[in-house]
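K.L.:
This is model-v2.csv (CSV, C-alpha atoms).
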```
chain,number,residue,atom,x,y,z
C,13,MET,CA,-43.2,2.0,-78.0
C,14,SER,CA,-43.8,-0.7,-75.5
C,15,SER,CA,-40.3,-2.0,-76.3
C,16,ARG,CA,-38.7,1.4,-75.5
C,17,LYS,CA,-40.6,1.5,-72.2
C,18,GLU,CA,-39.5,-1.9,-71.3
C,19,GLN,CA,-35.9,-1.0,-72.2
C,20,LYS,CA,-36.1,2.2,-70.1
C,21,GLU,CA,-37.6,0.3,-67.2
C,22,GLN,CA,-34.9,-2.3,-67.5
C,23,LEU,CA,-32.2,0.3,-67.6
C,24,ARG,CA,-33.7,2.1,-64.6
C,25,LYS,CA,-33.9,-1.2,-62.7
C,26,GLU,CA,-30.3,-2.0,-63.4
C,27,ARG,CA,-29.2,1.6,-62.4
C,28,LEU,CA,-31.1,1.2,-59.1
C,29,GLU,CA,-29.4,-2.2,-58.5
C,30,ARG,CA,-26.0,-0.7,-59.2
C,31,GLU,CA,-26.7,2.2,-56.8
C,32,GLN,CA,-27.9,-0.2,-54.1
C,33,ALA,CA,-24.8,-2.4,-54.5
C,34,ALA,CA,-22.5,0.7,-54.3
C,35,ALA,CA,-24.3,1.8,-51.2
C,36,ALA,CA,-24.0,-1.6,-49.6
C,37,ALA,CA,-20.3,-1.7,-50.4
C,38,ALA,CA,-19.8,1.7,-48.9
C,39,ASP,CA,-21.6,0.7,-45.8
C,40,ARG,CA,-19.4,-2.4,-45.4
C,41,ARG,CA,-16.3,-0.3,-45.7
C,42,ARG,CA,-17.6,2.1,-43.1
C,43,ARG,CA,-18.3,-0.8,-40.7
C,44,ILE,CA,-14.9,-2.2,-41.2
C,45,GLN,CA,-13.3,1.2,-40.5
C,46,ILE,CA,-15.3,1.6,-37.3
C,47,GLY,CA,-14.5,-1.9,-36.2
C,48,GLY,CA,-10.8,-1.4,-36.9
C,49,GLY,CA,-10.9,1.8,-35.0
C,50,ALA,CA,-12.6,0.2,-32.0
C,51,GLY,CA,-10.1,-2.6,-32.1
C,52,LEU,CA,-7.2,-0.2,-32.2
C,53,LEU,CA,-8.8,1.8,-29.3
C,54,ALA,CA,-9.1,-1.5,-27.3
C,55,VAL,CA,-5.5,-2.2,-27.9
C,56,ILE,CA,-4.4,1.3,-26.8
C,57,VAL,CA,-6.5,1.0,-23.6
C,58,ALA,CA,-5.0,-2.4,-22.8
C,59,VAL,CA,-1.5,-1.0,-23.3
C,60,VAL,CA,-2.2,2.0,-21.1
C,61,VAL,CA,-3.7,-0.3,-18.3
C,62,VAL,CA,-0.5,-2.5,-18.4
C,63,ILE,CA,1.7,0.6,-18.2
C,64,ILE,CA,-0.2,2.0,-15.3
C,65,ALA,CA,-0.2,-1.3,-13.5
C,66,SER,CA,3.5,-1.9,-14.0
C,67,SER,CA,4.5,1.6,-13.0
C,68,GLY,CA,3.0,1.4,-9.4
C,69,GLY,CA,5.6,2.3,-6.8
C,70,GLY,CA,6.7,0.0,-4.0
C,71,GLY,CA,7.3,2.7,-1.4
C,72,GLY,CA,5.5,3.6,1.7
C,73,SER,CA,2.1,3.9,0.1
C,74,ASN,CA,0.0,0.9,-1.1
C,75,SER,CA,-0.9,1.6,-4.7
C,76,THR,CA,-3.0,-1.6,-4.9
C,77,ALA,CA,-4.8,-1.2,-1.6
C,78,ALA,CA,-8.5,-1.8,-1.8
C,79,SER,CA,-11.0,1.0,-1.9
C,80,SER,CA,-14.2,0.9,0.2
C,81,GLY,CA,-13.3,-2.5,1.7
C,82,GLY,CA,-12.9,-4.4,-1.5
C,83,THR,CA,-10.5,-7.3,-2.0
C,84,THR,CA,-6.9,-6.2,-2.7
C,85,GLY,CA,-4.6,-6.8,-5.7
C,86,ASP,CA,-4.8,-9.7,-8.1
C,87,THR,CA,-7.6,-12.2,-7.2
C,88,SER,CA,-6.1,-15.2,-9.1
C,89,GLY,CA,-6.4,-18.3,-6.9
C,90,LEU,CA,-8.3,-16.7,-4.1
C,91,ARG,CA,-10.7,-19.2,-2.6
C,92,THR,CA,-14.3,-18.7,-1.5
C,93,THR,CA,-14.4,-22.0,0.3
C,94,THR,CA,-15.0,-22.9,3.9
C,95,ALA,CA,-12.3,-22.9,6.5
C,96,PRO,CA,-9.7,-24.2,7.2
C,97,TRP,CA,-7.6,-22.8,4.3
C,98,ALA,CA,-4.2,-24.2,3.4
C,99,PRO,CA,-1.6,-21.9,1.7
C,100,GLU,CA,-2.4,-21.2,-2.0
C,101,TYR,CA,0.9,-21.4,-4.0
C,102,SER,CA,-0.3,-21.9,-7.6
C,103,PHE,CA,-1.0,-18.2,-8.2
C,104,LEU,CA,1.1,-16.7,-5.4
C,105,ALA,CA,3.8,-15.3,-7.7
C,106,GLN,CA,1.1,-13.7,-9.8
C,107,ARG,CA,-0.6,-12.1,-6.8
C,108,LEU,CA,2.7,-10.8,-5.4
C,109,ALA,CA,3.7,-9.3,-8.7
C,110,ALA,CA,0.5,-7.2,-8.7
C,111,PHE,CA,1.4,-5.7,-5.3
C,112,ASN,CA,4.8,-4.6,-6.4
C,113,PHE,CA,6.1,-4.9,-2.8
C,114,PRO,CA,9.6,-3.8,-1.8
C,115,GLN,CA,12.1,-6.6,-1.9
C,116,GLN,CA,12.0,-9.1,1.0
C,117,THR,CA,14.9,-9.1,3.4
C,118,ASP,CA,15.3,-9.5,7.2
C,119,ILE,CA,17.4,-6.4,7.4
C,120,GLY,CA,15.8,-3.0,6.9
C,121,TYR,CA,12.2,-3.0,7.9
C,122,HIS,CA,11.6,-6.1,10.1
C,123,VAL,CA,8.5,-6.2,12.4
C,124,HIS,CA,5.9,-8.6,13.5
C,125,ALA,CA,2.1,-8.7,14.2
C,126,GLN,CA,-0.1,-11.6,15.3
C,127,LEU,CA,-3.4,-12.7,13.8
C,128,ASN,CA,-6.2,-14.9,15.2
C,129,VAL,CA,-9.1,-16.0,13.0
C,130,TYR,CA,-12.4,-17.2,14.3
C,131,ILE,CA,-15.2,-18.7,12.2
C,132,ASN,CA,-18.6,-19.3,13.9
C,133,GLY,CA,-16.9,-19.4,17.4
C,134,LYS,CA,-14.1,-21.8,16.4
C,135,GLN,CA,-10.5,-20.6,15.9
C,136,THR,CA,-9.1,-21.6,12.6
C,137,THR,CA,-5.3,-22.0,12.1
C,138,VAL,CA,-3.2,-19.4,10.3
C,139,PRO,CA,-0.9,-21.9,8.4
C,140,ALA,CA,2.8,-22.0,8.5
C,141,ASN,CA,4.9,-20.9,5.4
C,142,LEU,CA,2.3,-18.6,4.0
C,143,GLY,CA,4.0,-16.6,1.3
C,144,ILE,CA,7.0,-18.9,1.1
C,145,ASP,CA,7.3,-20.7,-2.3
C,146,PRO,CA,7.7,-24.4,-1.6
C,147,GLN,CA,10.3,-24.7,-4.3
C,148,GLY,CA,12.4,-22.0,-2.7
C,149,ARG,CA,12.3,-19.6,-5.6
C,150,PHE,CA,10.9,-16.6,-3.7
C,151,ILE,CA,9.5,-15.4,-0.4
C,152,SER,CA,6.9,-12.7,0.2
C,153,PRO,CA,7.9,-9.8,2.4
C,154,ILE,CA,4.7,-10.7,4.5
C,155,HIS,CA,4.8,-14.3,5.5
C,156,THR,CA,4.5,-16.9,8.3
C,157,HIS,CA,7.0,-19.5,9.5
C,158,ASP,CA,4.8,-21.5,11.9
C,159,THR,CA,1.1,-21.8,13.0
C,160,SER,CA,1.4,-19.2,15.8
C,161,GLY,CA,-0.3,-16.6,13.7
C,162,VAL,CA,2.8,-14.4,13.8
C,163,VAL,CA,2.9,-12.3,10.6
C,164,HIS,CA,6.5,-11.5,9.6
C,165,MET,CA,6.9,-8.1,7.7
C,166,GLU,CA,10.3,-8.0,6.3
C,167,SER,CA,11.4,-5.6,3.5
C,168,THR,CA,14.2,-3.4,2.3
C,169,LYS,CA,12.4,-0.3,3.6
C,170,TYR,CA,9.3,0.7,5.5
C,171,TYR,CA,6.0,-0.4,3.9
C,172,ALA,CA,2.5,-0.2,5.3
C,173,PHE,CA,1.5,-3.8,4.8
C,174,THR,CA,-2.3,-4.3,5.2
C,175,LEU,CA,-4.3,-7.2,6.5
C,176,GLY,CA,-6.0,-7.5,3.1
C,177,GLU,CA,-2.6,-8.0,1.5
C,178,PHE,CA,-1.7,-10.7,4.0
C,179,ILE,CA,-5.0,-12.5,3.5
C,180,ASN,CA,-4.4,-12.3,-0.3
C,181,VAL,CA,-1.0,-13.8,0.1
C,182,TRP,CA,-2.7,-16.6,2.1
C,183,GLY,CA,-5.0,-17.2,-0.9
C,184,VAL,CA,-8.4,-16.4,0.7
C,185,TYR,CA,-11.0,-14.1,-0.8
C,186,PHE,CA,-11.4,-11.2,1.7
C,187,THR,CA,-13.5,-8.1,1.7
C,188,ASP,CA,-15.1,-6.2,4.5
C,189,LYS,CA,-18.3,-8.2,3.8
C,190,GLN,CA,-16.8,-11.7,3.0
C,191,LEU,CA,-14.1,-14.1,4.1
C,192,GLY,CA,-13.8,-17.2,2.0
C,193,ALA,CA,-17.3,-18.7,1.8
C,194,TYR,CA,-18.5,-16.6,4.8
C,195,LYS,CA,-20.7,-13.6,4.0
C,196,VAL,CA,-22.1,-10.9,6.3
C,197,GLY,CA,-25.9,-11.2,6.8
C,198,ASN,CA,-28.5,-13.2,8.6
C,199,GLY,CA,-27.2,-12.0,11.9
C,200,ASN,CA,-23.5,-12.8,11.1
C,201,VAL,CA,-20.8,-10.2,11.2
C,202,LEU,CA,-17.3,-10.0,10.0
C,203,GLN,CA,-15.1,-7.8,12.3
C,204,LEU,CA,-11.5,-7.0,13.0
C,205,TRP,CA,-10.4,-6.1,16.5
C,206,VAL,CA,-6.9,-5.0,17.3
C,207,ASP,CA,-5.8,-4.8,20.9
C,208,GLY,CA,-9.5,-4.5,22.0
C,209,LYS,CA,-10.4,-1.8,19.4
C,210,GLN,CA,-12.7,-2.5,16.5
C,211,ILE,CA,-11.4,-1.5,13.1
C,212,ALA,CA,-13.9,0.1,10.7
C,213,ASP,CA,-12.1,-1.1,7.5
C,214,PRO,CA,-10.5,-4.5,8.1
C,215,VAL,CA,-9.2,-5.0,4.5
C,216,ASN,CA,-7.2,-1.8,4.5
C,217,TYR,CA,-6.0,-2.0,8.1
C,218,ARG,CA,-2.2,-1.3,8.1
C,219,MET,CA,-0.6,-3.8,10.4
C,220,LYS,CA,1.7,-2.3,13.1
C,221,PRO,CA,4.5,-3.9,15.2
C,222,HIS,CA,3.2,-6.2,17.9
C,223,ASP,CA,-0.5,-5.8,16.9
C,224,VAL,CA,-2.6,-8.6,18.2
C,225,MET,CA,-5.4,-8.9,15.7
C,226,ILE,CA,-8.7,-10.9,15.9
C,227,LEU,CA,-10.6,-11.4,12.6
C,228,GLY,CA,-13.9,-12.9,13.5
C,229,TYR,CA,-16.9,-14.1,11.6
C,230,GLY,CA,-20.2,-15.2,13.1
C,231,LYS,CA,-22.8,-14.1,15.5
C,232,PRO,CA,-21.8,-11.1,17.7
C,233,GLY,CA,-20.2,-12.4,20.9
C,234,SER,CA,-19.1,-15.7,19.2
C,235,PHE,CA,-15.4,-14.6,19.1
C,236,PRO,CA,-13.2,-12.6,21.5
C,237,HIS,CA,-12.4,-8.9,21.0
C,238,LYS,CA,-9.0,-8.9,22.7
C,239,LYS,CA,-6.2,-11.4,23.3
C,240,THR,CA,-2.6,-11.2,24.4
C,241,PHE,CA,0.4,-12.7,22.8
C,242,ALA,CA,4.0,-13.1,24.0
C,243,PHE,CA,6.2,-11.9,21.1
C,244,GLY,CA,9.4,-12.6,23.1
C,245,GLN,CA,12.4,-11.7,21.0
C,246,LEU,CA,10.4,-11.0,17.9
```
Since I need it in another form, could you write the structure as structure tokens?

P.N.:
Amino acid sequence: MSSRKEQKEQLRKERLEREQAAAAAADRRRRIQIGGGAGLLAVIVAVVVVIIASSGGGGGSNSTAASSGGTTGDTSGLRTTTAPWAPEYSFLAQRLAAFNFPQQTDIGYHVHAQLNVYINGKQTTVPANLGIDPQGRFISPIHTHDTSGVVHMESTKYYAFTLGEFINVWGVYFTDKQLGAYKVGNGNVLQLWVDGKQIADPVNYRMKPHDVMILGYGKPGSFPHKKTFAFGQL
């Protein structure tokens, strides 16, 4: 009798082990299916993002303009260091591709504005050749030629270039609360003044012909609010 009980107990034990093994295998298959589905979903989402990014128009509206004062476009190579800032070229082509600007040309839409930058009461230079590839492969439709601060806006058609886009071409991190290493707070402000008028959203300000802009960081009163500039034949 005891032998039969032992046999039954052994058979029952083996049956339970088989059922547990089958359940574990089914659970592994279910996890693999879920993981595969999640991976496929991630691939689909990535493809959709690429399609949306690449389909942005280069017309009169800025599809990559910042919202609520955030930095614009691709942030590759943007620096959060102290002034002065030399032109950043290593990631310039990548940043320009993200904007999908109209093609650069000096016929079509061709206007100029002028930018002055002040950090803690001291004017910092807007460098020459911003947006101009040193190897001559390309040129941004917003660029500089000298250190006068004149911003050249040259494209095949009208485009509402923003100050945020220009600072991005320069290669400096810029939001309404930060410029390079300089952050708003502790009594310091970051303001944009254009022809004596303060602009509420500096990053998204659309530069206009013969604007004279002052982008200032520091204590209130440490930088001017209005300047003049002789554009001459520009």

K.L.:
List every residue of region 108-217 of chain C that has an atom at most 9 Å from any atom of region 80-93 of chain C, and for each one report the closest atom pair and its distance in Å to one decimal, counting all atoms listed in the file, with rows sorted by chain and then by increasing residue number, as CSV.

P.N.:
```
residue,atom,partner,partner_atom,distance
C:Leu108,CA,C:Asp86,CA,8.0
C:Ala109,CA,C:Asp86,CA,8.5
C:Ala110,CA,C:Asp86,CA,5.9
C:Phe111,CA,C:Gly85,CA,6.1
C:Gly176,CA,C:Thr84,CA,6.0
C:Glu177,CA,C:Thr84,CA,6.3
C:Asn180,CA,C:Leu90,CA,7.0
C:Val181,CA,C:Leu90,CA,8.9
C:Trp182,CA,C:Leu90,CA,8.4
C:Gly183,CA,C:Leu90,CA,4.6
C:Val184,CA,C:Leu90,CA,4.8
C:Tyr185,CA,C:Leu90,CA,5.0
C:Phe186,CA,C:Thr83,CA,5.5
C:Thr187,CA,C:Thr83,CA,4.8
C:Asp188,CA,C:Gly81,CA,5.0
C:Lys189,CA,C:Gly81,CA,7.9
C:Gln190,CA,C:Thr92,CA,8.7
C:Leu191,CA,C:Thr92,CA,7.2
C:Gly192,CA,C:Thr92,CA,3.8
C:Ala193,CA,C:Thr92,CA,4.5
C:Tyr194,CA,C:Thr92,CA,7.9
C:Asp213,CA,C:Gly81,CA,6.1
C:Pro214,CA,C:Gly81,CA,7.3
C:Val215,CA,C:Gly81,CA,5.6
C:Asn216,CA,C:Gly81,CA,6.7
```

K.L.:
Tell me which of C:Ile131, C:Val162, C:Leu202, C:Ile211 sits closest to Trp97 (chain C), counting only C-alpha atoms.

P.N.:
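Using only C-alpha atoms, the shortest distance to Trp97 (chain C) belongs to C:Ile131.
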
K.L.:
Hey, can you check how far CA of Leu246 (chain C) sits from CA of Phe103 (chain C)?

P.N.:
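It comes out at 29.4 Å.
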
K.L.:
Pick from C:Val196, C:Ala140, C:Met219, C:Ile151: nearest to Phe173 (chain C), with only C-alpha atoms counted?

P.N.:
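Of C:Val196, C:Ala140, C:Met219, C:Ile151, the one nearest Phe173 (chain C) is C:Met219, counting only C-alpha atoms.
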
K.L.:
Enter the distance from CA of Gly208 (chain C) to CA of Pro96 (chain C), in Å, rounded to one decimal.

P.N.:
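Atom-to-atom, CA of Gly208 (chain C) and CA of Pro96 (chain C) are spaced 24.6 Å apart.
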
K.L.:
To one decimal in Å, tell me the separation between CA of Val163 (chain C) and CA of Gly197 (chain C).

P.N.:
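Distance reported for this atom pair: 29.1 Å.
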
K.L.:
Compile the contact shell of His222 (chain C) as an mmCIF file with C-alpha atoms, in the coordinates of the input: residues with an atom at most 12 Å away, counting all atoms listed in the file, same-chain residues fewer than 6 positions apart removed.

P.N.:
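Final file, selection.cif:
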```cif
data_model
loop_
_atom_site.group_PDB
_atom_site.id
_atom_site.type_symbol
_atom_site.label_atom_id
_atom_site.label_comp_id
_atom_site.auth_asym_id
_atom_site.auth_seq_id
_atom_site.Cartn_x
_atom_site.Cartn_y
_atom_site.Cartn_z
ATOM 1 C CA HIS C 122 11.600 -6.100 10.100
ATOM 2 C CA VAL C 123 8.500 -6.200 12.400
ATOM 3 C CA HIS C 124 5.900 -8.600 13.500
ATOM 4 C CA ALA C 125 2.100 -8.700 14.200
ATOM 5 C CA GLN C 126 -0.100 -11.600 15.300
ATOM 6 C CA LEU C 127 -3.400 -12.700 13.800
ATOM 7 C CA GLY C 161 -0.300 -16.600 13.700
ATOM 8 C CA VAL C 162 2.800 -14.400 13.800
ATOM 9 C CA VAL C 163 2.900 -12.300 10.600
ATOM 10 C CA HIS C 164 6.500 -11.500 9.600
ATOM 11 C CA MET C 165 6.900 -8.100 7.700
ATOM 12 C CA VAL C 206 -6.900 -5.000 17.300
ATOM 13 C CA ASP C 207 -5.800 -4.800 20.900
ATOM 14 C CA THR C 240 -2.600 -11.200 24.400
ATOM 15 C CA PHE C 241 0.400 -12.700 22.800
ATOM 16 C CA ALA C 242 4.000 -13.100 24.000
ATOM 17 C CA PHE C 243 6.200 -11.900 21.100
ATOM 18 C CA GLY C 244 9.400 -12.600 23.100
ATOM 19 C CA GLN C 245 12.400 -11.700 21.000
ATOM 20 C CA LEU C 246 10.400 -11.000 17.900
#
```

K.L.:
Considering all atoms listed in the file, state which residue in the set C:Gly143, C:Gly230, C:Pro236, C:Pro99 is at the smallest distance from Asn128 (chain C).

P.N.:
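Counting all atoms listed in the file, the residue closest to Asn128 (chain C) is C:Pro236.
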
K.L.:
Would you please work out which residue, of C:Ala172, C:Ile144, C:Val138, C:Leu227, is nearest to Tyr121 (chain C) when using all atoms listed in the file?

P.N.:
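Among C:Ala172, C:Ile144, C:Val138, C:Leu227, it is C:Ala172 that comes nearest to Tyr121 (chain C).
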